[in-house]
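> coords08.cif (mmCIF, C-alpha atoms and all ligand atoms) pasted underneath:
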```cif
data_entry
#
loop_
_atom_site.label_atom_id
_atom_site.label_comp_id
_atom_site.auth_asym_id
_atom_site.auth_seq_id
_atom_site.Cartn_x
_atom_site.Cartn_y
_atom_site.Cartn_z
CA MET A 1 283.12 43.03 -148.55
CA ASP A 2 286.60 44.11 -147.44
CA TRP A 3 285.50 47.34 -145.72
CA ILE A 4 288.98 48.85 -145.50
CA LYS A 5 289.58 48.29 -149.23
CA GLY A 6 286.15 49.82 -149.89
CA GLU A 7 287.05 52.90 -147.87
CA LYS A 8 290.26 53.39 -149.86
CA LYS A 9 288.35 53.02 -153.13
CA PHE A 10 285.30 55.18 -152.46
CA ILE A 11 286.10 57.65 -149.68
CA LEU A 12 288.18 60.78 -150.19
CA GLN A 13 291.42 60.14 -148.32
CA THR A 14 291.38 63.03 -145.83
CA TYR A 15 291.78 60.82 -142.74
CA THR A 16 294.42 58.56 -141.26
CA ARG A 17 292.40 55.76 -139.69
CA GLN A 18 293.25 52.92 -137.35
CA PRO A 19 292.92 49.52 -139.09
CA VAL A 20 289.67 48.42 -137.40
CA VAL A 21 286.04 48.61 -138.43
CA ILE A 22 283.99 49.52 -135.38
CA GLU A 23 280.48 48.15 -135.52
CA LYS A 24 278.80 48.68 -132.16
CA GLY A 25 279.30 50.17 -128.73
CA GLU A 26 277.94 49.97 -125.21
CA GLY A 27 278.99 52.14 -122.27
CA CYS A 28 282.78 52.61 -122.36
CA TYR A 29 283.34 49.71 -124.76
CA VAL A 30 283.16 49.27 -128.54
CA TYR A 31 283.33 46.14 -130.69
CA ASP A 32 284.83 45.64 -134.16
CA THR A 33 283.54 43.48 -137.02
CA GLU A 34 285.75 40.60 -135.82
CA GLY A 35 283.98 40.70 -132.45
CA ARG A 36 287.02 42.16 -130.63
CA LYS A 37 286.25 44.36 -127.63
CA TYR A 38 287.98 47.70 -126.93
CA LEU A 39 287.90 50.02 -123.93
CA ASP A 40 287.31 53.41 -125.56
CA LEU A 41 289.32 56.36 -124.21
CA VAL A 42 288.63 58.46 -127.31
CA ALA A 43 284.80 58.53 -127.17
CA GLY A 44 284.45 59.72 -130.78
CA ILE A 45 286.90 62.56 -129.94
CA ALA A 46 285.43 63.83 -126.65
CA THR A 47 281.90 63.30 -127.88
CA VAL A 48 280.18 60.17 -126.57
CA SER A 49 280.32 61.43 -122.99
CA ILE A 50 277.33 59.55 -121.58
CA GLY A 51 278.65 56.30 -123.06
CA HIS A 52 277.93 54.43 -126.28
CA SER A 53 274.28 53.79 -127.14
CA ASN A 54 272.91 55.11 -123.85
CA ARG A 55 269.44 53.51 -123.59
CA TYR A 56 267.67 56.61 -122.30
CA LEU A 57 269.04 58.74 -125.16
CA VAL A 58 268.13 56.06 -127.70
CA GLU A 59 264.53 56.00 -126.40
CA ARG A 60 264.15 59.79 -126.36
CA VAL A 61 265.56 60.08 -129.89
CA ARG A 62 263.37 57.20 -131.10
CA GLU A 63 260.24 58.94 -129.76
CA GLN A 64 261.25 62.17 -131.51
CA LEU A 65 262.03 60.34 -134.77
CA GLU A 66 258.50 58.96 -134.74
CA LYS A 67 257.00 62.39 -134.04
CA LEU A 68 258.94 64.78 -136.29
CA ILE A 69 262.37 64.39 -137.87
CA HIS A 70 262.85 67.72 -139.59
CA ILE A 71 260.95 70.86 -140.51
CA SER A 72 263.64 73.66 -140.76
CA ASN A 73 263.81 77.05 -139.07
CA LEU A 74 260.91 78.41 -141.09
CA TYR A 75 258.80 77.20 -138.14
CA TYR A 76 259.02 76.99 -134.33
CA THR A 77 259.85 73.60 -132.79
CA ILE A 78 259.57 72.62 -129.12
CA PRO A 79 262.87 70.71 -128.53
CA GLN A 80 264.90 73.68 -129.85
CA ILE A 81 263.23 76.16 -127.48
CA GLU A 82 263.45 73.76 -124.53
CA LEU A 83 267.14 73.19 -125.25
CA ALA A 84 267.89 76.93 -125.43
CA GLU A 85 266.20 77.45 -122.06
CA LYS A 86 268.19 74.57 -120.53
CA LEU A 87 271.45 75.90 -121.99
CA SER A 88 270.78 79.33 -120.55
CA GLN A 89 270.69 77.70 -117.09
CA ILE A 90 273.88 75.67 -117.45
CA THR A 91 275.98 78.14 -119.49
CA GLY A 92 274.82 81.50 -118.08
CA MET A 93 274.70 82.79 -121.67
CA ASP A 94 271.66 84.67 -122.99
CA LYS A 95 270.78 83.63 -126.55
CA PHE A 96 271.59 80.59 -128.68
CA PHE A 97 272.10 79.83 -132.37
CA PHE A 98 272.06 76.14 -133.30
CA CYS A 99 274.15 74.46 -135.98
CA ASN A 100 275.56 71.00 -136.64
CA SER A 101 279.25 70.93 -135.70
CA GLY A 102 282.07 72.68 -133.90
CA THR A 103 283.48 74.41 -136.94
CA GLU A 104 280.02 75.80 -137.78
CA ALA A 105 279.66 77.13 -134.25
CA VAL A 106 282.98 78.96 -134.71
CA GLU A 107 281.89 80.33 -138.12
CA ALA A 108 278.78 81.73 -136.45
CA ALA A 109 280.87 83.19 -133.60
CA LEU A 110 283.18 85.03 -136.00
CA LYS A 111 280.27 86.43 -138.01
CA PHE A 112 278.38 87.56 -134.93
CA ALA A 113 281.55 89.19 -133.52
CA ARG A 114 282.05 91.23 -136.69
CA LYS A 115 278.38 92.19 -136.86
CA ALA A 116 278.23 93.20 -133.19
CA THR A 117 281.44 95.26 -133.15
CA GLY A 118 281.64 96.53 -136.73
CA LYS A 119 285.35 95.59 -136.53
CA LYS A 120 287.29 93.02 -138.55
CA LYS A 121 290.37 91.73 -136.77
CA PHE A 122 290.55 88.44 -134.85
CA VAL A 123 293.24 87.36 -132.44
CA SER A 124 293.84 83.68 -131.69
CA PHE A 125 296.67 81.76 -130.01
CA THR A 126 299.57 79.47 -130.78
CA GLY A 127 298.32 75.88 -130.49
CA ASP A 128 294.62 76.80 -130.82
CA PHE A 129 292.36 74.60 -132.95
CA HIS A 130 288.95 75.94 -134.00
CA GLY A 131 287.92 73.88 -137.03
CA ARG A 132 288.40 73.28 -140.75
CA THR A 133 285.99 75.57 -142.59
CA MET A 134 287.45 78.79 -144.00
CA GLY A 135 286.63 81.10 -141.07
CA ALA A 136 287.43 78.63 -138.30
CA LEU A 137 290.57 77.58 -140.19
CA SER A 138 291.73 81.21 -140.28
CA VAL A 139 291.93 81.25 -136.47
CA THR A 140 293.43 77.73 -136.21
CA TYR A 141 297.15 77.90 -135.51
CA LYS A 142 298.66 74.90 -137.32
CA GLU A 143 300.26 76.18 -140.52
CA LYS A 144 300.00 72.74 -142.17
CA PHE A 145 296.18 72.96 -141.96
CA ARG A 146 295.97 76.59 -143.13
CA LYS A 147 298.64 77.08 -145.78
CA PRO A 148 297.18 75.13 -148.75
CA PHE A 149 293.91 77.08 -148.48
CA MET A 150 295.11 80.67 -148.31
CA PRO A 151 293.94 83.37 -148.62
CA LEU A 152 291.74 82.87 -145.56
CA VAL A 153 289.79 85.38 -143.47
CA GLU A 154 291.93 88.41 -142.63
CA PRO A 155 293.18 90.13 -140.55
CA VAL A 156 294.06 87.43 -138.00
CA GLU A 157 296.96 87.51 -135.56
CA PHE A 158 298.25 84.72 -133.32
CA ALA A 159 299.53 85.61 -129.87
CA GLU A 160 301.62 83.20 -127.87
CA PHE A 161 299.40 81.11 -125.54
CA ASN A 162 299.95 82.03 -121.88
CA ASN A 163 302.22 84.97 -122.79
CA ILE A 164 300.75 88.14 -121.27
CA ASP A 165 303.20 90.50 -123.03
CA ASP A 166 302.43 89.04 -126.41
CA ILE A 167 298.62 89.29 -126.18
CA ASP A 168 299.12 92.86 -124.98
CA LYS A 169 300.98 93.60 -128.25
CA LYS A 170 298.50 91.82 -130.56
CA VAL A 171 295.15 93.39 -129.52
CA ASP A 172 294.12 96.98 -130.27
CA GLU A 173 291.13 99.21 -131.08
CA GLU A 174 290.63 97.36 -134.37
CA THR A 175 290.15 93.96 -132.71
CA ALA A 176 286.66 92.50 -133.11
CA ALA A 177 287.32 89.44 -130.96
CA VAL A 178 289.84 87.28 -129.20
CA ILE A 179 289.05 83.59 -129.63
CA ILE A 180 290.49 81.10 -127.16
CA GLU A 181 290.33 77.52 -125.94
CA PHE A 182 290.67 77.93 -122.17
CA ILE A 183 292.06 74.41 -122.16
CA GLN A 184 293.64 73.56 -125.51
CA GLY A 185 292.52 70.13 -126.72
CA GLU A 186 293.98 69.31 -130.12
CA ALA A 187 297.32 70.77 -128.99
CA GLY A 188 297.52 68.00 -126.36
CA VAL A 189 295.66 69.32 -123.25
CA TYR A 190 297.24 72.60 -122.14
CA PRO A 191 295.24 74.89 -119.81
CA ALA A 192 295.49 78.68 -119.83
CA ASP A 193 297.01 80.25 -116.69
CA ALA A 194 294.51 82.12 -114.51
CA GLU A 195 296.72 85.26 -114.67
CA PHE A 196 296.75 85.07 -118.46
CA ILE A 197 292.94 84.98 -118.64
CA LYS A 198 292.77 87.84 -116.15
CA SER A 199 294.98 90.00 -118.35
CA ILE A 200 292.84 89.18 -121.43
CA LEU A 201 289.79 90.39 -119.47
CA GLU A 202 291.62 93.62 -118.58
CA LEU A 203 292.51 94.14 -122.24
CA ARG A 204 288.86 93.48 -123.14
CA GLU A 205 287.90 96.35 -120.79
CA LYS A 206 290.50 98.62 -122.37
CA TYR A 207 289.80 97.95 -126.08
CA GLY A 208 286.20 96.71 -126.10
CA PHE A 209 286.78 93.56 -128.14
CA LEU A 210 284.61 90.47 -127.60
CA LEU A 211 285.88 87.32 -125.93
CA ILE A 212 284.92 84.11 -127.76
CA ALA A 213 285.34 81.00 -125.62
CA ASP A 214 285.63 77.91 -127.79
CA GLU A 215 284.13 75.18 -125.60
CA VAL A 216 283.60 72.70 -128.42
CA GLN A 217 285.91 70.15 -126.80
CA THR A 218 285.81 71.28 -123.16
CA GLY A 219 282.03 71.60 -122.76
CA PHE A 220 279.44 69.49 -120.94
CA GLY A 221 281.50 68.25 -118.00
CA ARG A 222 284.61 67.15 -119.83
CA THR A 223 286.95 69.13 -117.54
CA GLY A 224 285.22 68.38 -114.21
CA LYS A 225 283.06 71.52 -114.44
CA TRP A 226 280.18 72.12 -116.82
CA PHE A 227 282.41 74.34 -118.98
CA ALA A 228 286.12 75.24 -118.95
CA LYS A 229 285.18 78.91 -118.44
CA ASP A 230 283.85 77.90 -115.00
CA HIS A 231 287.42 77.12 -113.85
CA TYR A 232 288.20 80.80 -114.46
CA SER A 233 284.81 82.30 -113.42
CA VAL A 234 284.54 84.08 -116.77
CA LYS A 235 281.42 85.09 -118.68
CA PRO A 236 282.49 85.22 -122.33
CA ASP A 237 280.65 87.40 -124.85
CA ILE A 238 280.33 84.48 -127.24
CA MET A 239 280.75 80.78 -126.60
CA THR A 240 280.85 77.80 -128.96
CA MET A 241 279.77 74.24 -128.19
CA ALA A 242 279.42 70.93 -130.09
CA LYS A 243 281.01 67.46 -129.66
CA ALA A 244 279.55 66.05 -126.39
CA MET A 245 276.41 68.19 -126.67
CA GLY A 246 274.40 65.45 -128.44
CA SER A 247 276.41 62.41 -127.34
CA GLY A 248 277.26 61.66 -130.96
CA ILE A 249 274.15 62.99 -132.70
CA PRO A 250 275.60 65.99 -134.60
CA ILE A 251 274.71 69.33 -133.04
CA GLY A 252 276.59 72.56 -132.39
CA CYS A 253 275.71 75.88 -130.83
CA CYS A 254 276.93 79.46 -130.69
CA ALA A 255 275.82 81.25 -127.53
CA VAL A 256 275.99 85.02 -127.11
CA ASN A 257 275.37 87.59 -124.41
CA GLU A 258 272.54 90.13 -124.50
CA GLU A 259 274.66 92.95 -126.03
CA VAL A 260 275.75 90.79 -128.97
CA SER A 261 272.24 89.43 -129.47
CA GLU A 262 270.84 92.96 -129.80
CA LYS A 263 273.03 93.51 -132.91
CA ILE A 264 271.92 90.34 -134.70
CA GLU A 265 268.95 90.46 -137.06
CA ALA A 266 267.01 88.09 -139.32
CA GLY A 267 269.14 86.97 -142.25
CA ASP A 268 272.52 87.47 -140.53
CA HIS A 269 273.04 83.73 -140.32
CA GLY A 270 271.13 80.49 -140.87
CA SER A 271 271.19 76.73 -141.27
CA THR A 272 268.74 74.22 -142.76
CA PHE A 273 269.50 71.54 -140.17
CA GLY A 274 270.57 73.73 -137.25
CA GLY A 275 268.39 73.12 -134.19
CA ASN A 276 266.79 70.09 -135.81
CA PRO A 277 264.26 68.47 -133.39
CA VAL A 278 266.05 65.10 -133.28
CA ALA A 279 269.45 66.67 -132.55
CA CYS A 280 267.97 68.99 -129.91
CA THR A 281 266.22 66.03 -128.26
CA ALA A 282 269.57 64.20 -128.16
CA ALA A 283 271.13 67.24 -126.46
CA LEU A 284 268.29 67.50 -123.94
CA ALA A 285 268.62 63.79 -123.13
CA THR A 286 272.41 64.17 -122.82
CA ILE A 287 272.08 67.02 -120.32
CA ASP A 288 269.46 65.01 -118.39
CA VAL A 289 271.85 62.06 -118.06
CA ILE A 290 274.79 64.28 -117.09
CA GLU A 291 272.67 65.85 -114.33
CA ARG A 292 271.00 62.65 -113.10
CA GLU A 293 274.17 60.57 -113.03
CA ASN A 294 276.35 63.39 -111.63
CA LEU A 295 278.75 63.04 -114.54
CA VAL A 296 280.39 66.44 -114.02
CA GLU A 297 281.42 65.30 -110.53
CA ASN A 298 282.45 61.88 -111.90
CA SER A 299 284.62 63.62 -114.48
CA ALA A 300 286.40 65.61 -111.74
CA ARG A 301 286.79 62.64 -109.37
CA VAL A 302 287.76 59.87 -111.80
CA GLY A 303 289.82 62.36 -113.82
CA GLU A 304 291.91 63.13 -110.75
CA TYR A 305 292.39 59.41 -110.09
CA PHE A 306 293.32 58.75 -113.73
CA THR A 307 295.84 61.62 -113.78
CA LYS A 308 297.39 60.41 -110.51
CA ARG A 309 297.77 56.86 -111.82
CA LEU A 310 299.26 58.04 -115.13
CA ARG A 311 301.87 60.11 -113.24
CA GLU A 312 303.26 56.85 -111.82
CA TYR A 313 304.38 55.87 -115.33
CA PHE A 314 304.39 58.82 -117.77
CA GLU A 315 305.94 62.27 -118.25
CA ASN A 316 304.22 65.65 -118.47
CA VAL A 317 300.81 64.34 -117.45
CA ILE A 318 298.28 67.18 -117.47
CA GLY A 319 294.70 66.39 -116.53
CA VAL A 320 291.67 68.62 -116.08
CA GLY A 321 288.75 66.35 -115.28
CA LEU A 322 288.63 63.66 -117.94
CA MET A 323 290.68 65.62 -120.45
CA ILE A 324 294.17 64.26 -120.02
CA GLY A 325 297.43 64.55 -121.98
CA PHE A 326 300.82 62.93 -121.46
CA ASP A 327 304.08 62.31 -123.32
CA VAL A 328 305.44 59.05 -124.69
CA SER A 329 308.53 58.47 -126.84
CA ASP A 330 306.59 57.33 -129.92
CA ALA A 331 302.90 58.23 -129.82
CA VAL A 332 301.99 56.58 -133.15
CA GLU A 333 303.45 53.27 -131.99
CA PHE A 334 301.79 53.67 -128.56
CA VAL A 335 298.34 54.11 -130.17
CA LYS A 336 298.96 51.05 -132.36
CA LYS A 337 300.09 48.86 -129.46
CA CYS A 338 297.13 49.94 -127.29
CA LEU A 339 294.75 49.07 -130.12
CA GLU A 340 296.31 45.63 -130.48
CA ASN A 341 295.69 45.13 -126.75
CA GLY A 342 292.06 46.25 -126.75
CA LEU A 343 292.34 49.96 -125.89
CA LEU A 344 291.42 52.99 -128.01
CA VAL A 345 293.60 56.05 -127.36
CA ASN A 346 294.57 58.87 -129.65
CA ASN A 347 297.63 61.05 -130.22
CA THR A 348 297.76 64.79 -130.90
CA SER A 349 301.42 64.78 -132.02
CA ASP A 350 304.21 62.24 -132.48
CA LYS A 351 304.91 62.44 -128.74
CA ARG A 352 301.62 63.31 -127.04
CA ILE A 353 298.64 61.14 -126.13
CA ARG A 354 295.28 62.79 -125.37
CA LEU A 355 292.62 60.84 -123.42
CA VAL A 356 288.97 61.93 -123.48
CA PRO A 357 286.97 58.87 -122.33
CA PRO A 358 283.22 58.75 -121.71
CA LEU A 359 282.40 60.65 -118.49
CA ILE A 360 280.77 57.49 -117.10
CA ILE A 361 284.16 55.76 -116.82
CA THR A 362 284.86 54.10 -113.44
CA GLU A 363 288.08 53.71 -111.45
CA LYS A 364 288.02 49.99 -112.28
CA GLU A 365 288.02 50.79 -116.01
CA VAL A 366 290.84 53.30 -115.43
CA ASP A 367 292.87 50.50 -113.80
CA GLU A 368 292.15 48.28 -116.79
CA ALA A 369 293.39 51.03 -119.14
CA ILE A 370 296.53 51.65 -117.07
CA GLU A 371 297.34 47.96 -117.15
CA ILE A 372 297.17 47.90 -120.96
CA MET A 373 299.08 51.18 -121.37
CA THR A 374 301.92 50.06 -119.15
CA LYS A 375 302.25 46.64 -120.71
C1 LIG B 401 288.17 73.48 -129.64
C2 LIG B 401 287.60 73.00 -130.94
N1 LIG B 401 286.91 73.86 -131.71
C3 LIG B 401 286.36 73.46 -132.88
C4 LIG B 401 286.48 72.17 -133.33
C5 LIG B 401 285.85 71.75 -134.62
O1 LIG B 401 284.78 70.90 -134.36
P1 LIG B 401 284.16 69.95 -135.51
O2 LIG B 401 285.17 68.89 -135.78
O3 LIG B 401 282.88 69.44 -134.92
O4 LIG B 401 283.92 70.82 -136.70
C6 LIG B 401 287.19 71.25 -132.55
C7 LIG B 401 287.37 69.85 -133.01
O5 LIG B 401 288.24 69.13 -132.57
C8 LIG B 401 287.76 71.67 -131.32
O6 LIG B 401 288.45 70.82 -130.54
#
```
Show me this structure written as structure tokens.
Ligand SMILES: Cc1ncc(COP(=O)(O)O)c(C=O)c1O


Amino acid sequence: MDWIKGEKKFILQTYTRQPVVIEKGEGCYVYDTEGRKYLDLVAGIATVSIGHSNRYLVERVREQLEKLIHISNLYYTIPQIELAEKLSQITGMDKFFFCNSGTEAVEAALKFARKATGKKKFVSFTGDFHGRTMGALSVTYKEKFRKPFMPLVEPVEFAEFNNIDDIDKKVDEETAAVIIEFIQGEAGVYPADAEFIKSILELREKYGFLLIADEVQTGFGRTGKWFAKDHYSVKPDIMTMAKAMGSGIPIGCCAVNEEVSEKIEAGDHGSTFGGNPVACTAALATIDVIERENLVENSARVGEYFTKRLREYFENVIGVGLMIGFDVSDAVEFVKKCLENGLLVNNTSDKRIRLVPPLIITEKEVDEAIEIMTK
């Protein structure tokens, strides 16, 4: 079968795909149906952090598949409770709601914020991306994504990212929550200034809104710390996670502090698959590997090396751990040329490349990538 023709015929055309059919992966490399090998600096969009088909994860998931695949939240299951306990240690948050994706984690966060505060208004930022479902889309900045689907959740205001005066004007007593990516991912890797976060915390004191940290892309070591919030020493009221959490097995999570959790009761939210034993086992195995192989430290160290090397050749290189953005004159062409030369990279605009490789990447693989990118 011609797979690409089949995709065009049978799959709803919501994606722009690269013209390769990827069949298998191992470590930092993937292989297409023609047997061509690619060094993968996309990692399923910041997801396959412990590398493709990690053997330990495969074994743990296989054991769980043989034991119990699914039972729903009508019953207690061990992996879900073990995962929540582990997350409480690494996030510092108090209680956890499990779902299946980043956008679902944001939906949960918005609902919990309204329930906990009794207020309606959300404030987000220029450049922020929080997902594609109606609630998450409402707090996503890009007009092109939002406009065809209006009316969305209201009221929502967007303050200018890193502009202290503007956030000061946009929040008030009616604000339920401010939602933020501490390091913006889909915008092209732009971190918040420490002073900016400090002033949001002061405004939180003044008005009593909740701070939702969207760590869907930045979580689990991506930025050289466990979470982006750790660069700012902030404890958010609500925090969202997904992507790298299960190394590619779909799982998401909305974490809350004690005060929010006290306002949430049975029936406020739910999910058939959320916290599924196989997905939770994948997350537990992922965290195990990150800890055992010191991948948070590797992300910081190799990320710094990668950023330094990129600065020799490219403009506006911004790197926080292994989340790196830089400018090129034609990003679409750059992605295409890299692909032709055995390298997967991805662009967030027509000028910006965003790299989010597996956290296991070595300096040798970085050199290999630089050689292809500078060709
Ligand atoms: C910060 C952030 N939040 C939410 C999402 C949505 O996640 P998902 O695609 O799993 O729904 C993304 C996806 O890119 C993201 O980067």

> Quick one: axis-aligned box around all listed atoms of ligand LIG 401 (chain B), 5 Å on every side, centre and edge lengths in Å to one decimal, written as lines of an AutoDock Vina configuration file.


```
center_x = 285.7
center_y = 71.4
center_z = -133.2
size_x = 15.6
size_y = 15.0
size_z = 17.1
```

> Select the residues contacting ligand LIG 401 (chain B) at a distance of at most 6 Å, based on all atoms listed in the file, then format the selection as a PDB file with C-alpha atoms, keeping the file's coordinate frame.


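The file below, pocket_29.pdb, is the result:
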```pdb
ATOM      1  CA  SER A 101     279.250  70.930-135.700  1.00  0.00           C
ATOM      2  CA  GLY A 102     282.070  72.680-133.900  1.00  0.00           C
ATOM      3  CA  THR A 103     283.480  74.410-136.940  1.00  0.00           C
ATOM      4  CA  PHE A 129     292.360  74.600-132.950  1.00  0.00           C
ATOM      5  CA  HIS A 130     288.950  75.940-134.000  1.00  0.00           C
ATOM      6  CA  GLY A 131     287.920  73.880-137.030  1.00  0.00           C
ATOM      7  CA  GLU A 181     290.330  77.520-125.940  1.00  0.00           C
ATOM      8  CA  GLY A 185     292.520  70.130-126.720  1.00  0.00           C
ATOM      9  CA  GLU A 186     293.980  69.310-130.120  1.00  0.00           C
ATOM     10  CA  ASP A 214     285.630  77.910-127.790  1.00  0.00           C
ATOM     11  CA  GLU A 215     284.130  75.180-125.600  1.00  0.00           C
ATOM     12  CA  VAL A 216     283.600  72.700-128.420  1.00  0.00           C
ATOM     13  CA  GLN A 217     285.910  70.150-126.800  1.00  0.00           C
ATOM     14  CA  LYS A 243     281.010  67.460-129.660  1.00  0.00           C
TER      15      LYS A 243
END
```

> Looking at A:Met239, A:Ala108, A:Leu322, A:Val345, which one is nearest to A:Gly92, with distances taken over only C-alpha atoms?

A:Met239

> Show me, as JSON, numbers by chain, the residues that have an atom within 7 Å of A:Trp226 when counting all atoms listed in the file, minus same-chain residues fewer than 6 positions from it.

{"A": [219, 220, 296]}

> Neighbours of A:Lys235 within 10 Å (only C-alpha atoms; same-chain residues fewer than 6 positions away dropped), as a list in words?

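Skipping anything fewer than 6 positions along the chain leaves Thr91, Gly92, Met93, Leu201, Leu211, Ile212, Ala213, Lys229 and Asn257 of chain A.
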
> Using all atoms listed in the file, find the one residue out of A:Leu68, A:Ala136, A:Met1, A:Ala159 that sits nearest to A:Ala105.

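Among the listed residues, the smallest separation from A:Ala105 belongs to A:Ala136.
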
> Taking all atoms listed in the file into account, which of A:Glu63, A:Asn346, A:Ala283, A:Asn54 comes nearest A:Glu82?

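Looking at the shortest contact to A:Glu82, the residue is A:Ala283.
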
> Within 12 Å of (296.5, 68.2, -117.9), only C-alpha atoms: residues as JSON, numbers by chain?

{"A": [183, 184, 185, 187, 188, 189, 190, 191, 192, 223, 224, 303, 304, 306, 307, 308, 310, 311, 315, 316, 317, 318, 319, 320, 321, 322, 323, 324, 325, 326, 327, 352, 353, 354, 355, 356]}

> Grab the atom CA of A:Ser299 to atom CA of A:His52 distance for me, in Å with one decimal place.

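Computing it gives 16.4 Å between the two atoms.
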